[in-house]
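Asker: As input, take query26.txt (compact mmCIF, C-alpha atoms (C1' of nucleotides)):
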```txt
# COMPACT_ATOMS: atom_id res chain seq x y z
CA MET A 1 5.05 -1.12 -19.49
CA THR A 2 8.69 -1.82 -19.05
CA ARG A 3 9.78 -1.23 -15.54
CA LYS A 4 13.24 0.22 -15.43
CA THR A 5 14.29 -1.28 -12.15
CA GLY A 6 12.38 -4.50 -11.91
CA PRO A 7 9.36 -5.38 -9.85
CA HIS A 8 10.82 -4.87 -6.39
CA HIS A 9 13.29 -2.05 -6.32
CA SER A 10 14.45 -1.15 -2.87
CA ARG A 11 14.40 2.55 -2.22
CA SER A 12 17.41 2.33 0.03
CA GLY A 13 19.46 -0.21 1.97
CA CYS A 14 18.42 1.17 5.34
CA PRO A 15 16.98 -1.63 7.51
CA VAL A 16 14.15 0.58 8.67
CA ASN A 17 13.21 1.35 5.11
CA ILE A 18 13.36 -2.27 4.10
CA SER A 19 11.23 -3.32 7.06
CA LEU A 20 8.67 -0.72 6.06
CA GLU A 21 8.67 -1.95 2.49
CA VAL A 22 7.71 -5.38 3.76
CA PHE A 23 4.97 -4.47 6.24
CA GLY A 24 4.69 -0.69 6.18
CA ASP A 25 0.99 -0.43 5.49
CA ARG A 26 -2.17 -0.24 7.50
CA TRP A 27 -2.99 -3.96 7.46
CA SER A 28 0.00 -6.26 7.45
CA LEU A 29 0.96 -5.78 11.06
CA LEU A 30 -2.64 -6.20 12.17
CA ILE A 31 -2.61 -9.66 10.65
CA VAL A 32 0.66 -10.38 12.39
CA ARG A 33 -0.87 -9.11 15.61
CA ASP A 34 -3.85 -11.43 15.25
CA LEU A 35 -1.54 -14.36 14.67
CA MET A 36 0.81 -13.41 17.44
CA VAL A 37 -1.32 -12.25 20.32
CA ARG A 38 -4.84 -13.35 19.56
CA GLY A 39 -4.19 -16.85 18.38
CA PHE A 40 -6.08 -16.39 15.13
CA THR A 41 -5.33 -18.79 12.33
CA THR A 42 -7.84 -18.53 9.49
CA PHE A 43 -8.94 -16.14 6.77
CA HIS A 44 -12.29 -15.92 8.47
CA ASP A 45 -10.69 -14.99 11.78
CA PHE A 46 -8.78 -12.10 10.28
CA LEU A 47 -11.83 -10.93 8.42
CA ASN A 48 -13.86 -10.59 11.61
CA SER A 49 -10.95 -9.10 13.45
CA GLY A 50 -12.66 -5.86 14.31
CA GLU A 51 -10.99 -3.45 11.93
CA GLY A 52 -12.92 -4.47 8.84
CA ILE A 53 -10.39 -5.39 6.22
CA ALA A 54 -11.81 -6.22 2.79
CA THR A 55 -11.51 -9.76 1.47
CA ASN A 56 -9.38 -8.86 -1.53
CA ILE A 57 -6.98 -6.83 0.56
CA LEU A 58 -6.74 -9.58 3.14
CA ALA A 59 -5.98 -12.16 0.46
CA ASN A 60 -3.38 -9.85 -1.02
CA ARG A 61 -1.67 -9.19 2.31
CA LEU A 62 -1.61 -12.86 3.23
CA ARG A 63 0.05 -13.57 -0.10
CA ARG A 64 2.62 -10.84 0.45
CA LEU A 65 3.35 -11.93 3.99
CA GLN A 66 3.91 -15.44 2.73
CA LYS A 67 6.14 -14.29 -0.10
CA SER A 68 8.29 -12.36 2.32
CA GLY A 69 8.49 -15.37 4.62
CA ILE A 70 6.70 -13.92 7.61
CA VAL A 71 3.66 -16.18 7.43
CA LYS A 72 3.06 -19.68 6.21
CA GLY A 73 -0.30 -21.13 5.26
CA GLU A 74 -1.22 -24.77 4.98
CA LYS A 75 -4.36 -26.80 4.45
CA ASP A 76 -6.14 -27.97 7.53
CA GLN A 77 -5.97 -31.77 7.71
CA ASN A 78 -9.39 -32.07 9.32
CA ASP A 79 -11.13 -29.65 7.00
CA GLY A 80 -10.05 -29.31 3.39
CA ARG A 81 -11.63 -25.90 3.00
CA ARG A 82 -9.62 -24.27 5.68
CA VAL A 83 -6.15 -22.84 5.40
CA ILE A 84 -4.30 -22.51 8.65
CA TYR A 85 -1.97 -19.57 8.80
CA ARG A 86 0.95 -19.45 11.14
CA LEU A 87 3.89 -17.16 11.74
CA THR A 88 7.29 -18.34 10.62
CA GLU A 89 10.33 -17.76 12.80
CA LYS A 90 10.96 -14.57 10.86
CA GLY A 91 7.40 -13.65 11.73
CA ILE A 92 7.59 -14.33 15.44
CA ASP A 93 10.77 -12.26 15.47
CA LEU A 94 8.50 -9.30 14.97
CA ALA A 95 7.34 -9.71 18.57
CA PRO A 96 9.58 -6.93 19.90
CA VAL A 97 8.35 -4.53 17.22
CA MET A 98 4.77 -5.46 17.99
CA LEU A 99 5.28 -5.00 21.71
CA GLU A 100 6.86 -1.58 21.38
CA LEU A 101 4.11 -0.54 19.03
CA LEU A 102 1.59 -1.69 21.59
CA ILE A 103 3.30 0.15 24.43
CA TRP A 104 3.63 3.37 22.47
CA GLY A 105 0.02 3.30 21.35
CA ALA A 106 -1.24 2.57 24.82
CA GLN A 107 0.84 5.33 26.38
CA HIS A 108 0.15 8.05 23.85
CA GLU A 109 -3.25 7.45 22.36
CA HIS A 110 -6.65 6.78 23.82
CA THR A 111 -7.00 3.06 23.68
CA GLY A 112 -8.96 0.52 25.59
CA ALA A 113 -5.82 -0.94 27.13
CA PRO A 114 -5.58 -1.16 30.92
CA ALA A 115 -2.69 1.02 32.04
CA VAL A 116 -1.49 -1.38 34.70
CA LEU A 117 -1.03 -4.18 32.24
CA ILE A 118 0.85 -1.94 29.83
CA ALA A 119 3.13 -0.67 32.57
CA GLU A 120 3.83 -4.26 33.51
CA MET A 121 4.82 -5.13 29.96
CA ALA A 122 6.90 -1.99 29.54
CA LYS A 123 8.82 -2.90 32.67
CA ASN A 124 9.79 -6.29 31.38
CA PRO A 125 9.56 -6.47 27.59
CA ARG A 126 11.98 -9.38 27.38
CA ALA A 127 9.60 -11.59 29.35
CA VAL A 128 6.62 -10.70 27.20
CA VAL A 129 8.54 -11.43 24.02
CA GLU A 130 9.76 -14.70 25.45
CA GLU A 131 6.23 -15.70 26.36
CA ALA A 132 5.04 -14.90 22.84
CA ARG A 133 7.82 -17.00 21.43
CA ARG A 134 7.04 -19.86 23.77
CA ARG A 135 3.41 -19.92 22.73
CA TRP A 136 4.45 -19.87 19.13
CA ARG A 137 6.87 -22.76 19.56
CA GLN A 138 4.30 -24.88 21.36
CA ARG A 139 1.47 -23.87 19.05
CA ASP A 140 -0.38 -22.62 22.07
CA PRO A 141 -3.59 -21.16 20.65
CA MET A 142 -4.42 -19.17 23.73
CA PRO A 143 -4.35 -15.40 23.27
CA LEU A 144 -1.37 -13.69 24.79
CA LEU A 145 -3.48 -10.91 26.18
CA PRO A 146 -7.03 -10.46 27.33
CA TRP A 147 -8.21 -8.67 24.25
CA LEU A 148 -7.37 -5.01 24.42
CA GLY A 149 -9.76 -3.60 21.90
CA GLY A 150 -12.63 -3.82 24.32
CA LYS A 151 -16.05 -3.67 22.82
CA ASN A 152 -14.86 -1.80 19.79
CA ALA A 153 -16.10 1.50 21.07
CA ASN A 154 -17.29 3.19 17.89
CA MET B 155 -16.90 13.20 26.46
CA THR B 156 -16.75 10.80 23.70
CA ARG B 157 -13.42 9.33 22.86
CA LYS B 158 -12.85 10.81 19.47
CA THR B 159 -9.54 10.92 17.73
CA GLY B 160 -10.62 13.72 15.49
CA PRO B 161 -12.64 13.63 12.32
CA HIS B 162 -11.36 10.18 11.44
CA HIS B 163 -12.99 7.39 13.33
CA SER B 164 -10.88 4.64 14.79
CA ARG B 165 -11.27 1.16 13.40
CA SER B 166 -10.73 -0.33 16.84
CA GLY B 167 -9.40 0.56 20.25
CA CYS B 168 -6.41 -1.75 19.98
CA PRO B 169 -3.21 0.19 20.68
CA VAL B 170 -1.44 -1.51 17.80
CA ASN B 171 -4.21 -0.50 15.44
CA ILE B 172 -4.21 3.06 16.68
CA SER B 173 -0.45 3.31 16.34
CA LEU B 174 -0.75 2.09 12.78
CA GLU B 175 -3.43 4.61 12.02
CA VAL B 176 -1.04 7.35 13.04
CA PHE B 177 2.09 6.23 11.21
CA GLY B 178 1.22 3.01 9.41
CA ASP B 179 2.34 4.02 5.96
CA ARG B 180 5.51 3.87 3.93
CA TRP B 181 6.80 7.35 4.73
CA SER B 182 5.93 8.59 8.20
CA LEU B 183 8.41 6.46 10.08
CA LEU B 184 11.15 7.30 7.61
CA ILE B 185 10.73 10.95 8.50
CA VAL B 186 10.84 10.03 12.17
CA ARG B 187 13.97 8.01 11.49
CA ASP B 188 15.65 10.95 9.78
CA LEU B 189 14.81 13.17 12.71
CA MET B 190 15.79 10.60 15.30
CA VAL B 191 18.93 8.97 14.04
CA ARG B 192 20.22 11.15 11.25
CA GLY B 193 19.82 14.54 12.80
CA PHE B 194 17.83 15.93 9.88
CA THR B 195 15.73 18.98 10.50
CA THR B 196 14.45 20.55 7.26
CA PHE B 197 12.07 19.82 4.42
CA HIS B 198 15.03 19.81 2.11
CA ASP B 199 16.85 17.25 4.25
CA PHE B 200 13.94 14.82 4.15
CA LEU B 201 13.53 15.33 0.44
CA ASN B 202 17.08 14.26 -0.28
CA SER B 203 16.87 11.46 2.22
CA GLY B 204 17.60 8.70 -0.24
CA GLU B 205 14.19 7.14 -0.64
CA GLY B 206 12.76 9.76 -2.96
CA ILE B 207 9.59 11.01 -1.35
CA ALA B 208 7.58 13.49 -3.42
CA THR B 209 7.22 17.06 -2.19
CA ASN B 210 3.44 16.93 -1.82
CA ILE B 211 3.56 13.68 0.11
CA LEU B 212 6.31 14.98 2.34
CA ALA B 213 4.34 18.15 3.09
CA ASN B 214 1.29 16.03 3.81
CA ARG B 215 3.13 13.66 6.15
CA LEU B 216 4.79 16.50 8.03
CA ARG B 217 1.38 18.05 8.55
CA ARG B 218 -0.05 14.77 9.79
CA LEU B 219 2.86 14.11 12.10
CA GLN B 220 2.42 17.57 13.56
CA LYS B 221 -1.31 17.11 13.97
CA SER B 222 -0.76 13.89 15.86
CA GLY B 223 1.84 15.57 18.05
CA ILE B 224 4.85 13.55 17.01
CA VAL B 225 6.70 16.36 15.29
CA LYS B 226 6.84 20.09 15.80
CA GLY B 227 7.99 22.62 13.21
CA GLU B 228 9.10 26.17 13.84
CA LYS B 229 10.62 28.98 11.84
CA ASP B 230 14.37 29.22 11.86
CA GLN B 231 15.45 32.41 13.63
CA ASN B 232 18.47 32.90 11.40
CA ASP B 233 16.68 32.18 8.13
CA GLY B 234 13.05 33.07 7.67
CA ARG B 235 12.57 30.65 4.80
CA ARG B 236 13.49 27.59 6.76
CA VAL B 237 11.27 25.56 9.03
CA ILE B 238 13.08 23.48 11.58
CA TYR B 239 11.36 20.24 12.42
CA ARG B 240 11.94 18.43 15.65
CA LEU B 241 10.47 15.42 17.41
CA THR B 242 8.22 16.04 20.36
CA GLU B 243 8.47 13.87 23.44
CA LYS B 244 5.74 11.71 22.01
CA GLY B 245 7.92 11.45 18.92
CA ILE B 246 11.13 10.50 20.68
CA ASP B 247 9.14 7.87 22.54
CA LEU B 248 9.04 6.04 19.23
CA ALA B 249 12.72 5.24 19.68
CA PRO B 250 12.08 1.67 20.92
CA VAL B 251 9.80 0.97 17.96
CA MET B 252 12.38 2.38 15.58
CA LEU B 253 15.15 0.35 17.13
CA GLU B 254 13.25 -2.92 16.96
CA LEU B 255 12.31 -2.19 13.39
CA LEU B 256 15.96 -1.59 12.63
CA ILE B 257 17.07 -4.78 14.32
CA TRP B 258 14.47 -6.89 12.60
CA GLY B 259 15.24 -5.47 9.20
CA ALA B 260 18.95 -5.91 9.65
CA GLN B 261 18.57 -9.49 10.83
CA HIS B 262 16.08 -10.68 8.27
CA GLU B 263 16.53 -8.67 5.13
CA HIS B 264 19.42 -7.83 2.93
CA THR B 265 20.55 -4.46 4.17
CA GLY B 266 23.76 -2.52 4.22
CA ALA B 267 23.92 -2.62 8.00
CA PRO B 268 27.07 -4.00 9.64
CA ALA B 269 26.10 -7.12 11.58
CA VAL B 270 28.39 -6.41 14.51
CA LEU B 271 26.80 -3.05 15.18
CA ILE B 272 23.32 -4.51 15.00
CA ALA B 273 24.22 -7.32 17.38
CA GLU B 274 25.58 -4.74 19.76
CA MET B 275 22.35 -2.78 19.68
CA ALA B 276 20.22 -5.89 20.02
CA LYS B 277 22.15 -6.85 23.10
CA ASN B 278 21.50 -3.60 24.86
CA PRO B 279 18.47 -1.84 23.42
CA ARG B 280 17.87 0.19 26.54
CA ALA B 281 21.22 1.92 26.14
CA VAL B 282 20.59 2.78 22.51
CA VAL B 283 17.19 4.22 23.31
CA GLU B 284 18.64 6.20 26.19
CA GLU B 285 21.33 7.62 23.93
CA ALA B 286 18.73 8.64 21.36
CA ARG B 287 16.74 10.33 24.06
CA ARG B 288 19.81 12.10 25.40
CA ARG B 289 20.68 13.51 21.97
CA TRP B 290 17.12 14.65 21.58
CA ARG B 291 17.08 16.42 24.95
CA GLN B 292 20.35 18.18 24.28
CA ARG B 293 19.47 18.96 20.67
CA ASP B 294 22.59 17.12 19.65
CA PRO B 295 22.53 17.23 15.85
CA MET B 296 25.02 14.43 15.42
CA PRO B 297 23.65 11.29 13.78
CA LEU B 298 23.08 8.44 16.15
CA LEU B 299 24.58 5.95 13.76
CA PRO B 300 27.13 5.97 11.00
CA TRP B 301 24.61 5.96 8.23
CA LEU B 302 23.43 2.45 7.56
CA GLY B 303 22.17 2.84 4.03
CA GLY B 304 25.67 2.31 2.76
CA LYS B 305 26.29 3.46 -0.74
CA ASN B 306 22.63 3.15 -1.48
CA ALA B 307 22.73 0.92 -4.51
CA ASN B 308 20.38 3.10 -6.58
C1' DA C 309 18.67 47.97 -4.92
C1' DC C 310 18.17 44.36 -7.86
C1' DA C 311 18.84 39.58 -10.09
C1' DG C 312 19.00 35.25 -9.15
C1' DA C 313 19.03 31.43 -6.03
C1' DT C 314 16.93 28.83 -2.17
C1' DC C 315 13.31 27.17 0.68
C1' DA C 316 8.93 25.28 1.80
C1' DC C 317 5.59 24.41 0.02
C1' DT C 318 0.90 24.02 -3.91
C1' DT C 319 -1.59 22.69 -7.86
C1' DG C 320 -3.00 19.78 -11.67
C1' DC C 321 -2.98 15.51 -13.66
C1' DA C 322 -1.84 10.45 -14.54
C1' DT C 323 -1.21 6.21 -12.29
C1' DT C 324 -1.50 3.09 -8.59
C1' DT C 325 -3.72 1.21 -4.65
C1' DA C 326 -7.60 0.44 -1.56
C1' DA C 327 -12.48 -0.16 -0.54
C1' DC C 328 -17.02 -2.06 -1.63
C1' DA C 329 -20.17 -5.39 -3.59
C1' DA C 330 -20.83 -9.65 -5.82
C1' DG C 331 -19.74 -14.00 -7.29
C1' DT C 332 -17.30 -18.73 -7.50
C1' DA C 333 -15.25 -23.27 -6.66
C1' DA C 334 -14.21 -26.57 -3.32
C1' DT C 335 -15.48 -28.79 0.73
C1' DC C 336 -18.21 -29.95 4.64
C1' DT C 337 -22.70 -30.73 7.23
C1' DT C 338 -27.40 -32.50 7.56
C1' DA D 339 -28.89 -33.97 -2.40
C1' DA D 340 -29.53 -29.23 -0.40
C1' DG D 341 -27.58 -25.84 2.00
C1' DA D 342 -23.90 -23.84 4.54
C1' DT D 343 -18.97 -22.60 5.12
C1' DT D 344 -14.41 -21.39 3.65
C1' DA D 345 -11.13 -19.04 1.02
C1' DC D 346 -10.81 -16.78 -2.10
C1' DT D 347 -11.75 -13.70 -7.35
C1' DT D 348 -13.58 -10.32 -10.19
C1' DG D 349 -15.51 -6.07 -11.38
C1' DT D 350 -16.20 -1.21 -10.23
C1' DT D 351 -15.67 2.99 -7.73
C1' DA D 352 -13.15 5.98 -4.55
C1' DA D 353 -8.96 7.48 -2.65
C1' DA D 354 -4.08 7.85 -2.25
C1' DT D 355 0.28 8.34 -4.45
C1' DG D 356 3.73 9.94 -7.79
C1' DC D 357 5.33 13.32 -11.03
C1' DA D 358 6.10 17.81 -13.16
C1' DA D 359 5.58 22.30 -12.81
C1' DG D 360 4.66 26.54 -10.41
C1' DT D 361 4.26 30.05 -6.33
C1' DG D 362 5.58 33.30 -2.95
C1' DA D 363 8.53 34.49 0.69
C1' DT D 364 13.25 35.13 1.94
C1' DC D 365 18.12 35.26 1.44
C1' DT D 366 22.73 36.15 -1.12
C1' DG D 367 25.95 38.37 -4.12
C1' DT D 368 27.00 42.43 -6.77
```
Take the structure in this file and express it as C-alpha cells.
Answerer:
Amino acid sequence: MTRKTGPHHSRSGCPVNISLEVFGDRWSLLIVRDLMVRGFTTFHDFLNSGEGIATNILANRLRRLQKSGIVKGEKDQNDGRRVIYRLTEKGIDLAPVMLELLIWGAQHEHTGAPAVLIAEMAKNPRAVVEEARRRWRQRDPMPLLPWLGGKNAN
Amino acid sequence: MTRKTGPHHSRSGCPVNISLEVFGDRWSLLIVRDLMVRGFTTFHDFLNSGEGIATNILANRLRRLQKSGIVKGEKDQNDGRRVIYRLTEKGIDLAPVMLELLIWGAQHEHTGAPAVLIAEMAKNPRAVVEEARRRWRQRDPMPLLPWLGGKNAN
DNA sequence: ACAGATCACTTGCATTTAACAAGTAATCTT
DNA sequence: AAGATTACTTGTTAAATGCAAGTGATCTGT
C-alpha cells in the first residue's frame, strides 16, 4: 500500500549499485547490445533477436530504458506504425561496459565468438569504443561486428 | 561433445548474453564488487554490505558464483565456523567490467563518488585494473578505494 | 564444562516479477 | 476493402525474490 521510501529507493550510493539498478537484469543490456552493435532499431528487431524475450517484458524494458535516459524512441516518418529506437549519448556511453562484458564472456565461456577477433578487440578497446561511437554519431546502421551468436547453436 | 553449459540451456551463443546469464542480476556483481574492491571475505560481510541482500538470496548467489567458477569458498583455518570467499582468476578478470560499470554510474547517475577520483580512473583504466589484480594476487585485504557509497543516505 | 554468542546457512510463506498465450488498435499494402 | 504488419496490452501461470524465523556447528567467557 503505502511505500515507506517512495517508488525508487536507491539501496546505496555506490555507482556500481546504481548502474545495476538501472540495467542489472537479464534483458536490458541485450537491448542495448542490439542497438549498439547490431544496428537494430525496432520492437520487431529486438523480439527476433535470438534470445526470445517476451513482448510484455520487451515493452517494459524499453520503457524503463527510456525513463532512465539510455534509449529514445520516436515515430518513423515513413511508416506511422513503426517506432525507431536509438541510444542516447548516455546509452552509447555504455560501450566500454558492453565491450568488457563481451571480452570476458568470450574469454571465459563457450561462445561462438572467434578468438582472434576478441583478442584484437581486447588489445585495443579504445579503438573499438571509438568506432561504436562514430557509428552512433553518424547513424551508421551497419553492425559493428559480424554477428557473434552464430547459428544459435541450441 | 555438445557445448552444454550445464542443465540450463543457453539462449544464444553471444558472449554478452552468456555473461549476463552468469551474473546478470541485481546481486551477483555486488558480491563481486565487495570481494574485489572492498576486501570483503565472509557471508557476514556481504550481508552488512549496505544494500540489504537477504540471507537466502546471498547463499544462493554465492553458490551460483562458485558453480560458475567466479568465486571460491573455503573454511577458515583459525575459525571453523567461517567460510572465506575469494575471487578466482576468472572472477578477478571481471575487474574491467566492474571498473567500466563504476565509471558509467559515477558519470551518469547521482552517486556519492568524488568526480576527481572517477576522472582519474577513467583516464587510466589499465592501471586501476592492474592494481586490483595485484591486490588479488597478494591477497591484500585493503580496499581498493576509499568507500564510494558515502554516508549511504538510507 | 557449560551458557551464550556467532557464523553460515535453511525453511516456510507472502509478495513481486517474469514467462506464455492471446488479443487490440493503428497503420500500411494490395 | 481485405489482409498484413507493427507495437504494443491484458490475462494467467510459473518462478524468483524478500522476509521472518529457525538450525546446527563452532567459538568465547566464566
Asker: Is it possible to see chain B as a compact mmCIF listing (two decimals) with C-alpha atoms, in the frame of the given file, once it has been laid onto chain A by a least-squares fit on every C-alpha atom in order?
Answerer:
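Output below, filename part-v7.txt:
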```txt
# COMPACT_ATOMS: atom_id res chain seq x y z
CA MET B 155 23.01 -10.02 -9.58
CA THR B 156 21.11 -6.91 -9.20
CA ARG B 157 19.43 -6.30 -5.92
CA LYS B 158 15.84 -6.47 -6.95
CA THR B 159 12.97 -6.88 -4.58
CA GLY B 160 10.71 -8.16 -7.28
CA PRO B 161 8.72 -6.26 -9.85
CA HIS B 162 8.31 -3.29 -7.55
CA HIS B 163 11.33 -1.09 -7.31
CA SER B 164 12.48 0.13 -3.94
CA ARG B 165 12.28 3.82 -3.22
CA SER B 166 15.49 3.65 -1.21
CA GLY B 167 17.76 1.18 0.50
CA CYS B 168 16.93 2.41 3.98
CA PRO B 169 15.80 -0.51 6.15
CA VAL B 170 12.99 1.55 7.62
CA ASN B 171 11.73 2.39 4.16
CA ILE B 172 11.93 -1.19 3.02
CA SER B 173 10.09 -2.40 6.10
CA LEU B 174 7.37 0.11 5.39
CA GLU B 175 7.11 -1.00 1.81
CA VAL B 176 6.38 -4.50 3.03
CA PHE B 177 3.82 -3.75 5.72
CA GLY B 178 3.38 0.01 5.81
CA ASP B 179 -0.36 0.11 5.45
CA ARG B 180 -3.37 0.07 7.72
CA TRP B 181 -4.04 -3.66 7.62
CA SER B 182 -0.95 -5.81 7.28
CA LEU B 183 0.28 -5.41 10.82
CA LEU B 184 -3.19 -6.01 12.20
CA ILE B 185 -3.16 -9.42 10.56
CA VAL B 186 0.27 -10.05 12.02
CA ARG B 187 -1.05 -8.96 15.40
CA ASP B 188 -3.96 -11.38 15.19
CA LEU B 189 -1.60 -14.19 14.32
CA MET B 190 0.95 -13.22 16.93
CA VAL B 191 -0.99 -12.25 20.00
CA ARG B 192 -4.51 -13.47 19.47
CA GLY B 193 -3.84 -16.91 18.14
CA PHE B 194 -5.99 -16.42 15.05
CA THR B 195 -5.39 -18.70 12.13
CA THR B 196 -8.14 -18.45 9.50
CA PHE B 197 -9.54 -16.02 6.96
CA HIS B 198 -12.74 -16.01 8.92
CA ASP B 199 -10.92 -15.13 12.14
CA PHE B 200 -9.25 -12.10 10.59
CA LEU B 201 -12.50 -11.01 9.02
CA ASN B 202 -14.26 -10.86 12.36
CA SER B 203 -11.26 -9.30 14.01
CA GLY B 204 -13.02 -6.16 15.12
CA GLU B 205 -11.64 -3.63 12.69
CA GLY B 206 -13.79 -4.61 9.74
CA ILE B 207 -11.44 -5.37 6.90
CA ALA B 208 -13.11 -6.15 3.57
CA THR B 209 -12.78 -9.64 2.11
CA ASN B 210 -10.93 -8.54 -1.03
CA ILE B 211 -8.45 -6.47 0.94
CA LEU B 212 -7.89 -9.28 3.40
CA ALA B 213 -7.25 -11.75 0.57
CA ASN B 214 -4.88 -9.26 -1.01
CA ARG B 215 -2.94 -8.63 2.20
CA LEU B 216 -2.65 -12.33 2.97
CA ARG B 217 -1.24 -12.87 -0.50
CA ARG B 218 1.25 -10.05 -0.05
CA LEU B 219 2.31 -11.22 3.37
CA GLN B 220 2.91 -14.67 1.95
CA LYS B 221 4.85 -13.31 -0.99
CA SER B 222 7.12 -11.38 1.33
CA GLY B 223 7.61 -14.46 3.48
CA ILE B 224 6.02 -13.20 6.66
CA VAL B 225 3.06 -15.55 6.64
CA LYS B 226 2.51 -19.05 5.36
CA GLY B 227 -0.87 -20.61 4.62
CA GLU B 228 -1.64 -24.29 4.28
CA LYS B 229 -4.72 -26.44 3.91
CA ASP B 230 -6.23 -27.77 7.08
CA GLN B 231 -5.90 -31.56 7.17
CA ASN B 232 -9.18 -32.04 9.00
CA ASP B 233 -11.18 -29.63 6.86
CA GLY B 234 -10.39 -29.15 3.21
CA ARG B 235 -12.13 -25.79 3.02
CA ARG B 236 -9.98 -24.14 5.62
CA VAL B 237 -6.59 -22.57 5.13
CA ILE B 238 -4.52 -22.26 8.25
CA TYR B 239 -2.29 -19.23 8.32
CA ARG B 240 0.80 -19.06 10.44
CA LEU B 241 3.69 -16.66 10.88
CA THR B 242 7.03 -17.66 9.46
CA GLU B 243 10.20 -17.01 11.40
CA LYS B 244 10.55 -13.76 9.53
CA GLY B 245 7.03 -13.00 10.71
CA ILE B 246 7.56 -13.80 14.37
CA ASP B 247 10.65 -11.62 14.22
CA LEU B 248 8.23 -8.72 14.00
CA ALA B 249 7.38 -9.29 17.66
CA PRO B 250 9.63 -6.45 18.91
CA VAL B 251 8.09 -4.03 16.42
CA MET B 252 4.61 -5.12 17.44
CA LEU B 253 5.41 -4.76 21.11
CA GLU B 254 6.83 -1.27 20.76
CA LEU B 255 3.86 -0.26 18.68
CA LEU B 256 1.60 -1.59 21.41
CA ILE B 257 3.46 0.23 24.14
CA TRP B 258 3.49 3.51 22.29
CA GLY B 259 -0.17 3.33 21.46
CA ALA B 260 -1.12 2.44 24.99
CA GLN B 261 0.97 5.24 26.46
CA HIS B 262 -0.01 8.00 24.10
CA GLU B 263 -3.47 7.30 22.81
CA HIS B 264 -6.76 6.55 24.39
CA THR B 265 -6.96 2.79 24.31
CA GLY B 266 -8.67 0.12 26.32
CA ALA B 267 -5.36 -1.29 27.51
CA PRO B 268 -4.80 -1.65 31.26
CA ALA B 269 -1.92 0.63 32.23
CA VAL B 270 -0.41 -1.79 34.72
CA LEU B 271 -0.04 -4.51 32.12
CA ILE B 272 1.54 -2.13 29.65
CA ALA B 273 4.00 -0.85 32.24
CA GLU B 274 4.92 -4.42 32.99
CA MET B 275 5.62 -5.14 29.35
CA ALA B 276 7.54 -1.92 28.87
CA LYS B 277 9.75 -2.83 31.78
CA ASN B 278 10.74 -6.15 30.34
CA PRO B 279 10.22 -6.24 26.59
CA ARG B 280 12.70 -9.03 26.07
CA ALA B 281 10.59 -11.38 28.16
CA VAL B 282 7.41 -10.56 26.28
CA VAL B 283 9.09 -11.11 22.94
CA GLU B 284 10.57 -14.38 24.16
CA GLU B 285 7.16 -15.56 25.30
CA ALA B 286 5.65 -14.70 21.93
CA ARG B 287 8.39 -16.61 20.23
CA ARG B 288 7.92 -19.59 22.52
CA ARG B 289 4.19 -19.77 21.78
CA TRP B 290 4.96 -19.56 18.10
CA ARG B 291 7.51 -22.38 18.24
CA GLN B 292 5.19 -24.64 20.18
CA ARG B 293 2.14 -23.68 18.12
CA ASP B 294 0.48 -22.61 21.32
CA PRO B 295 -2.88 -21.24 20.20
CA MET B 296 -3.54 -19.37 23.41
CA PRO B 297 -3.66 -15.58 23.08
CA LEU B 298 -0.62 -13.83 24.40
CA LEU B 299 -2.69 -11.18 26.09
CA PRO B 300 -6.14 -10.90 27.56
CA TRP B 301 -7.60 -9.09 24.63
CA LEU B 302 -6.84 -5.41 24.87
CA GLY B 303 -9.56 -4.03 22.67
CA GLY B 304 -11.93 -4.12 25.59
CA LYS B 305 -15.56 -3.97 24.71
CA ASN B 306 -14.70 -2.33 21.46
CA ALA B 307 -16.85 0.75 21.65
CA ASN B 308 -18.31 0.33 18.15
```
Asker: Report, in Å with one decimal, the straight-line distance from CA of Phe46 (chain A) to CA of Asp34 (chain A).
Answerer: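 So the two atoms, CA of Phe46 (chain A) and CA of Asp34 (chain A), lie 7.0 Å apart.
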Asker: Would you mind listing, as an MDAnalysis selection string, all residues of chain C that have at least one atom within 8 Å of chain B, where all atoms listed in the file are what counts?
Answerer: chainID C and resid 315:318
Asker: Using only C-alpha atoms (C1' of nucleotides) and a cut-off of 12 Å, which residues of chain D sit close to chain B? Please list them as a list in words.
Answerer: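 The complete set of qualifying residues is DA354, DT355, DG356, DC357, DA358, DA359, DG362, DA363, DT364, DC365 and DT366 of chain D.
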Asker: Please work out which residues fall within 9 Å of (-0.6, -2.3, 4.4), coordinates as given in the file, with all atoms listed in the file counting, and return them as a PyMOL selection string.
Answerer: (chain A and resi 22-30+57+61) or (chain B and resi 178-180)
Asker: When the cut-off is 7 Å and we count only C-alpha atoms, which residues of chain B are near chain A, given as an MDAnalysis selection string?
Answerer: chainID B and resid 165:175 178:180 184 204:205 244 248 250:251 254:256 258:260 262 265:266 302:304 306
Asker: Quote the spacing between CA of Arg291 (chain B) and CA of Ala273 (chain B) in Å to one decimal place.
Answerer: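 Answer for the CA of Arg291 (chain B) to CA of Ala273 (chain B) separation: 25.9 Å.
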